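Peer 1: Questions regarding the structure given below will be posed in turn.
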Amino acid sequence: MVKILFLFFFFFFAILFEASLFSIPFALPFLLLFFVLHKKPSVFAMAFIIGLILDILHIRPLGMTSLFYLLLLLIVLLYDRKFEVISFPFLIGATAVSVIIYSILFSTPFLFGQIFFLSGMTAGGFFIYQKFFKKQVQSSSYRHV
Amino acid sequence: MQKRSSYFPLFFVYSALSIFLLLLTVGGASQPLRGVIEKIIVPVQKNLFVAFAQGEKNESILTKEEEQVRLYQLKIEEQEREIRALRDQFQTTQPSSETLLPAEVIGFESFIPGVSKPKTLTLDKGSKDGIRVGHVIVVKDILIGRVSRVSESISIVDLTTKEGFSITAKTSSTNALGVLKGQGSTLLLDNVVVSESLKKDDFVLTKGSRKEDGTGSPPDLVLGKVSSVVKKPSSLFQTAEIESLVDITRVSIVFVLK
C-alpha cells in the first residue's frame, strides 16, 4: 500500500513538473523503468492515466499520449523475448529512442539535452534500484512462454 | 509472475479506450471529461507553479509553526503580486480595463530554465471565462501573445517569440509597416520595404486587426523595441531585430483582451 501511494505521488509530481515547469517528459523514463523492473499488468493502466492527465494539462487531443505510452510498453514487451531488457544498454537505448519519438510527436524543445538528461535519469534510477533491490528485480521477471 | 500473454488483453483494452477518447475529442465530445479532471488538477498545478517557479527557495527543515507562517507569507506575497499587477494594468489607458480579464500563469511549455525560453504560457482561465482562440494577451500595454488552445478551465497562449507567430506591425516614429515574426527566442520585423525608414530604439506597435468577436489585436499595442536594422541595397525588403520588453518568466499575472 505504501509502495502504491509512493508511486502515485511520484508520478503525480512528475506529471505536474512536466506540465508546469519544465517541458521534459519526466514520466516517460520512470514508466519505462517501472515496467521493465516490475512487469506488472497495472503499468498499462498507469500509462493510460498518466497520458490522459498530460493530454488534459497540455490541451492535446485526449488519448494521444496514452496511446504513445501503451505502444512503447508493448514494444518493450515484444523485445523482451529477444533481448535482455533489464540492462543498462537496453534501458538507455529505449529511453533515447522513445524521447526522440515523443519530441517529434509533441514538439518538445532541446532534443539532445533531453536525450542525455533522461537517459541519465533512467540509468541512475536503474543503478539505484539494482543496488538496493536486486533480489526483487531478478525475481519479478515473468515466465517466458 | 505474469505470463506475457496476460498483457495483451490489457494493452488492447487501454488502446481501445485511448482511441475512443481520441475520436471523442475529434467529435468535440470530450469537454465534460476534461472539465472534471481539470477541476481536480489545475489548483494543484497552480500551487506547484507558484511555489517553484516564482522564486520561492527551498528552506531547510521547518517546524510546523514556521511552515504555517511561511504558507501565510506566501499567500500574502501572492496577493500583493496580484494587486500590483492589477494596479499597473489599470493605470494604463490603453487597452481599456473593461475589456481585460486577469489570468494567472500556471505553466510554461517548451521551457527549460537556462537552456530554452518558453514558447507558450498556460493560463488558469478557459472557455468558461469567455476566452476564445485568437484573443490576445497583454501586460500593461505590451502584447505578449495570442491564445492558441482553450479548454474549459485552462488556455494555452503562443508567445510572440514562438516560431510561426506573426502579426502586422508598424514602427512608432516612422510608421514603417512590416510583419513581426517569432524566431524561437527573438523577434524579427520582416517585409519592411527598403524605402521605409527603420531607426534603432524605435518602438514596434501592432497595426491592429480586431474582429467583431473580440479576437485579434487592437492597434498601438507595444510589441518591442528595434535593436538592430539589416538593410541590403540589393534586397527589396529590410529587416530589424526586435527586443522584447517583457521577461516572460517573471510574469505571474497577464490580461486577456476580450
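Following the order of the C-alpha cells, first chain is A, next is B, and so on, with residues numbered from 1 inside each chain and ligands from 1 in the order they appear.
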Considering only C-alpha atoms, return as a tab-separated table (two decimals) with N, CA and C atoms, in the first residue's frame whatever protein or nucleic-acid residues lie within 12 Å of Ile49 in chain A, sequence-local ones (same chain, fewer than 2 positions apart) excluded.

Peer 2:
chain	number	residue	atom	x	y	z
A	8	PHE	N	2.20	6.70	-6.64
A	8	PHE	CA	1.17	7.63	-7.06
A	8	PHE	C	1.68	9.07	-6.96
A	11	PHE	N	4.60	9.79	-9.51
A	11	PHE	CA	4.15	10.03	-10.89
A	11	PHE	C	3.33	11.31	-10.99
A	12	PHE	N	2.53	11.58	-9.96
A	12	PHE	CA	1.69	12.77	-9.96
A	12	PHE	C	2.57	14.02	-10.07
A	15	ILE	N	4.31	14.37	-13.47
A	15	ILE	CA	3.37	14.90	-14.47
A	15	ILE	C	3.23	16.41	-14.31
A	27	ALA	N	7.79	11.70	-16.95
A	27	ALA	CA	7.06	10.47	-16.66
A	27	ALA	C	7.54	9.30	-17.53
A	31	LEU	N	8.21	5.46	-16.22
A	31	LEU	CA	7.25	4.45	-16.66
A	31	LEU	C	7.99	3.26	-17.28
A	42	SER	N	-0.60	-3.78	-14.20
A	42	SER	CA	-1.14	-2.47	-13.77
A	42	SER	C	-0.38	-1.31	-14.40
A	43	VAL	N	0.83	-1.55	-14.91
A	43	VAL	CA	1.61	-0.46	-15.53
A	43	VAL	C	0.88	0.06	-16.76
A	44	PHE	N	0.12	-0.81	-17.42
A	44	PHE	CA	-0.65	-0.36	-18.59
A	44	PHE	C	-1.71	0.66	-18.16
A	45	ALA	N	-2.35	0.37	-17.02
A	45	ALA	CA	-3.35	1.31	-16.50
A	45	ALA	C	-2.68	2.63	-16.14
A	46	MET	N	-1.49	2.53	-15.52
A	46	MET	CA	-0.75	3.74	-15.15
A	46	MET	C	-0.41	4.57	-16.39
A	47	ALA	N	0.07	3.87	-17.43
A	47	ALA	CA	0.44	4.56	-18.68
A	47	ALA	C	-0.77	5.29	-19.25
A	51	GLY	N	-0.91	9.40	-19.33
A	51	GLY	CA	-1.08	10.00	-20.65
A	51	GLY	C	-2.30	10.90	-20.72
A	52	LEU	N	-3.38	10.43	-20.08
A	52	LEU	CA	-4.64	11.19	-20.08
A	52	LEU	C	-4.46	12.53	-19.36
A	53	ILE	N	-3.82	12.49	-18.20
A	53	ILE	CA	-3.61	13.73	-17.43
A	53	ILE	C	-2.71	14.69	-18.21
A	54	LEU	N	-1.67	14.16	-18.84
A	54	LEU	CA	-0.77	15.02	-19.62
A	54	LEU	C	-1.51	15.67	-20.80
A	55	ASP	N	-2.37	14.88	-21.44
A	55	ASP	CA	-3.16	15.44	-22.56
A	55	ASP	C	-4.06	16.57	-22.09
A	56	ILE	N	-4.64	16.39	-20.90
A	56	ILE	CA	-5.53	17.43	-20.37
A	56	ILE	C	-4.74	18.69	-20.05
A	62	LEU	N	-7.36	14.12	-26.38
A	62	LEU	CA	-7.33	13.10	-25.32
A	62	LEU	C	-6.99	11.73	-25.89
A	63	GLY	N	-6.11	11.01	-25.22
A	63	GLY	CA	-5.77	9.66	-25.62
A	63	GLY	C	-4.49	9.56	-26.43
A	64	MET	N	-3.98	10.70	-26.89
A	64	MET	CA	-2.80	10.68	-27.76
A	64	MET	C	-1.55	10.19	-27.02
A	65	THR	N	-1.30	10.82	-25.87
A	65	THR	CA	-0.12	10.43	-25.09
A	65	THR	C	-0.29	9.03	-24.52
A	66	SER	N	-1.51	8.71	-24.09
A	66	SER	CA	-1.77	7.37	-23.55
A	66	SER	C	-1.43	6.32	-24.60
A	67	LEU	N	-1.86	6.55	-25.81
A	67	LEU	CA	-1.63	5.60	-26.90
A	67	LEU	C	-0.12	5.45	-27.16
A	69	TYR	N	2.32	5.94	-24.94
A	69	TYR	CA	2.91	5.19	-23.82
A	69	TYR	C	2.59	3.70	-23.92
A	70	LEU	N	1.34	3.39	-24.29
A	70	LEU	CA	0.92	1.98	-24.39
A	70	LEU	C	1.71	1.26	-25.48
B	14	TYR	N	-6.89	-0.84	-23.09
B	14	TYR	CA	-6.48	0.56	-22.87
B	14	TYR	C	-6.25	1.30	-24.20
B	15	SER	N	-5.75	0.57	-25.20
B	15	SER	CA	-5.56	1.20	-26.51
B	15	SER	C	-6.91	1.58	-27.11
B	17	LEU	N	-9.60	2.21	-25.45
B	17	LEU	CA	-10.09	3.36	-24.69
B	17	LEU	C	-9.45	4.67	-25.18
B	18	SER	N	-8.14	4.60	-25.43
B	18	SER	CA	-7.42	5.80	-25.91
B	18	SER	C	-7.96	6.24	-27.27
B	37	ILE	N	-11.66	16.49	-14.78
B	37	ILE	CA	-10.25	16.24	-14.38
B	37	ILE	C	-9.51	17.56	-14.15

Peer 1: Only residues of chain A matter here; which ones have an atom within 6 Å of chain B, counting only C-alpha atoms? Give them as a list of chain:residue names.

Peer 2: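 Selected residues: A:Ser20, A:Leu21, A:Phe22, A:Ser23, A:Pro41, A:Pro61, A:Leu62, A:Gly63, A:Leu67, A:Thr108, A:Pro109, A:Tyr142, A:Arg143.
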
Peer 1: What are the closest atom pairs, with distances in Å to one decimal, for all residues of range 118-160 of chain B lying within 12 Å of range 172-189 of chain B? Consider only C-alpha atoms, order rows by chain and residue number, and present the result as CSV.

Peer 2:
residue,atom,partner,partner_atom,distance
B:Pro118,CA,B:Ser185,CA,8.1
B:Lys119,CA,B:Gly184,CA,7.2
B:Thr120,CA,B:Gly184,CA,10.7
B:Leu143,CA,B:Leu180,CA,11.9
B:Ile144,CA,B:Gly182,CA,11.1
B:Gly145,CA,B:Gly182,CA,10.3
B:Asp158,CA,B:Gly182,CA,9.9
B:Leu159,CA,B:Gly182,CA,8.1
B:Thr160,CA,B:Gly182,CA,5.5

Peer 1: When you look at Phe90 in chain A with a cut-off of 12 Å (counting only C-alpha atoms), what residues show up, excluding the ones that are within fewer than 6 positions of it in the same chain? I need them as a compact mmCIF listing (two decimals) with C-alpha atoms, in the first residue's frame.

Peer 2:
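So selection-v4.txt came out as:
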# COMPACT_ATOMS: atom_id res chain seq x y z
CA LEU A 32 9.77 2.56 -18.78
CA LEU A 33 11.93 1.71 -15.80
CA VAL A 36 11.00 -3.25 -17.15
CA VAL A 76 9.38 -3.24 -24.80
CA TYR A 79 11.62 -7.00 -27.35
CA ASP A 80 11.82 -8.83 -24.06
CA LYS A 82 14.90 -11.31 -27.92
CA PHE A 83 16.93 -9.03 -25.66
CA GLU A 84 17.91 -8.76 -22.06
CA ALA A 96 16.71 7.71 -26.09
CA VAL A 97 14.54 6.33 -28.89
CA SER A 98 11.28 6.98 -27.06
CA SER A 119 18.81 8.53 -20.41
CA THR A 122 16.95 6.08 -16.36
CA ALA A 123 20.48 4.77 -15.89
CA PHE A 126 18.30 1.56 -12.61

Peer 1: Name the closest residue to Lys231 in chain B among the candidates B:Ile137, B:Ile167, B:Val193, B:Val204; distances are taken between atoms, counting only C-alpha atoms.

Peer 2: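 Looking only at the distances to Lys231 in chain B, the closest residue turns out to be B:Val193.
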
Peer 1: With only C-alpha atoms as the basis for distance, which of A:Gly113, A:Phe106, A:Leu72, A:Lys40 is at the shortest distance from Ile59 in chain A?

Peer 2: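 Among the listed residues, A:Phe106 lies closest to Ile59 in chain A.
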
Peer 1: Between CA of Lys39 in chain A and CA of Ile115 in chain A, measure the distance and give it in Å to one decimal.

Peer 2: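 CA of Lys39 in chain A sits 23.9 Å away from CA of Ile115 in chain A.
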
Peer 1: Give the helix (DSSP H, G or I) residues of range 9-145 of chain A, as DSSP finds them on the backbone, and put them as a PyMOL selection string.

Peer 2: chain A and resi 9-20+27-38+42-57+64-79+88-106+111-139

Peer 1: Which one of A:Tyr102, A:Phe68, A:Phe13, A:Phe48 sits closest to Gln114 in chain A if you count only C-alpha atoms?

Peer 2: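 Nearest to Gln114 in chain A: A:Tyr102.
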
Peer 1: Within 10 Å of Leu101 in chain B, counting only C-alpha atoms, which residues show up once you throw out same-chain ones fewer than 5 positions away? Write them as a short mmCIF file (atom, residue, chain, number, x, y, z; two decimals) with N, CA, C and O atoms, in the first residue's frame, please.

Peer 2:
data_model
loop_
_atom_site.label_atom_id
_atom_site.label_comp_id
_atom_site.auth_asym_id
_atom_site.auth_seq_id
_atom_site.Cartn_x
_atom_site.Cartn_y
_atom_site.Cartn_z
N LYS B 125 -7.39 30.35 -16.80
CA LYS B 125 -8.75 30.68 -17.24
C LYS B 125 -8.99 30.01 -18.60
O LYS B 125 -8.06 29.88 -19.40
N ASP B 129 -14.65 31.14 -18.87
CA ASP B 129 -14.46 32.55 -18.52
C ASP B 129 -14.57 33.45 -19.76
O ASP B 129 -14.29 34.64 -19.70
N GLY B 130 -14.90 32.84 -20.87
CA GLY B 130 -15.13 33.61 -22.10
C GLY B 130 -13.90 33.73 -23.00
O GLY B 130 -13.91 34.51 -23.95
N ILE B 131 -12.85 32.98 -22.69
CA ILE B 131 -11.65 33.04 -23.53
C ILE B 131 -11.86 32.20 -24.78
O ILE B 131 -12.39 31.10 -24.73
N ILE B 137 -3.09 38.52 -25.50
CA ILE B 137 -2.71 38.62 -24.09
C ILE B 137 -1.77 39.81 -23.92
O ILE B 137 -0.82 39.97 -24.68
N VAL B 138 -2.07 40.63 -22.92
CA VAL B 138 -1.23 41.81 -22.69
C VAL B 138 -0.74 41.88 -21.24
O VAL B 138 -1.33 41.29 -20.34
N VAL B 254 -1.29 37.92 -16.21
CA VAL B 254 -1.41 38.56 -17.53
C VAL B 254 -2.89 38.92 -17.74
O VAL B 254 -3.74 38.56 -16.93
N PHE B 255 -3.18 39.62 -18.81
CA PHE B 255 -4.55 40.06 -19.07
C PHE B 255 -4.99 39.64 -20.47
O PHE B 255 -4.26 39.85 -21.44
N VAL B 256 -6.17 39.04 -20.49
CA VAL B 256 -6.73 38.60 -21.77
C VAL B 256 -7.60 39.74 -22.30
O VAL B 256 -8.48 40.23 -21.58
N LEU B 257 -7.34 40.14 -23.52
CA LEU B 257 -8.10 41.23 -24.13
C LEU B 257 -9.31 40.64 -24.84
O LEU B 257 -9.18 39.97 -25.85
N LYS B 258 -10.48 40.86 -24.23
CA LYS B 258 -11.71 40.24 -24.78
C LYS B 258 -12.49 41.18 -25.70
O LYS B 258 -12.39 42.36 -25.59
#
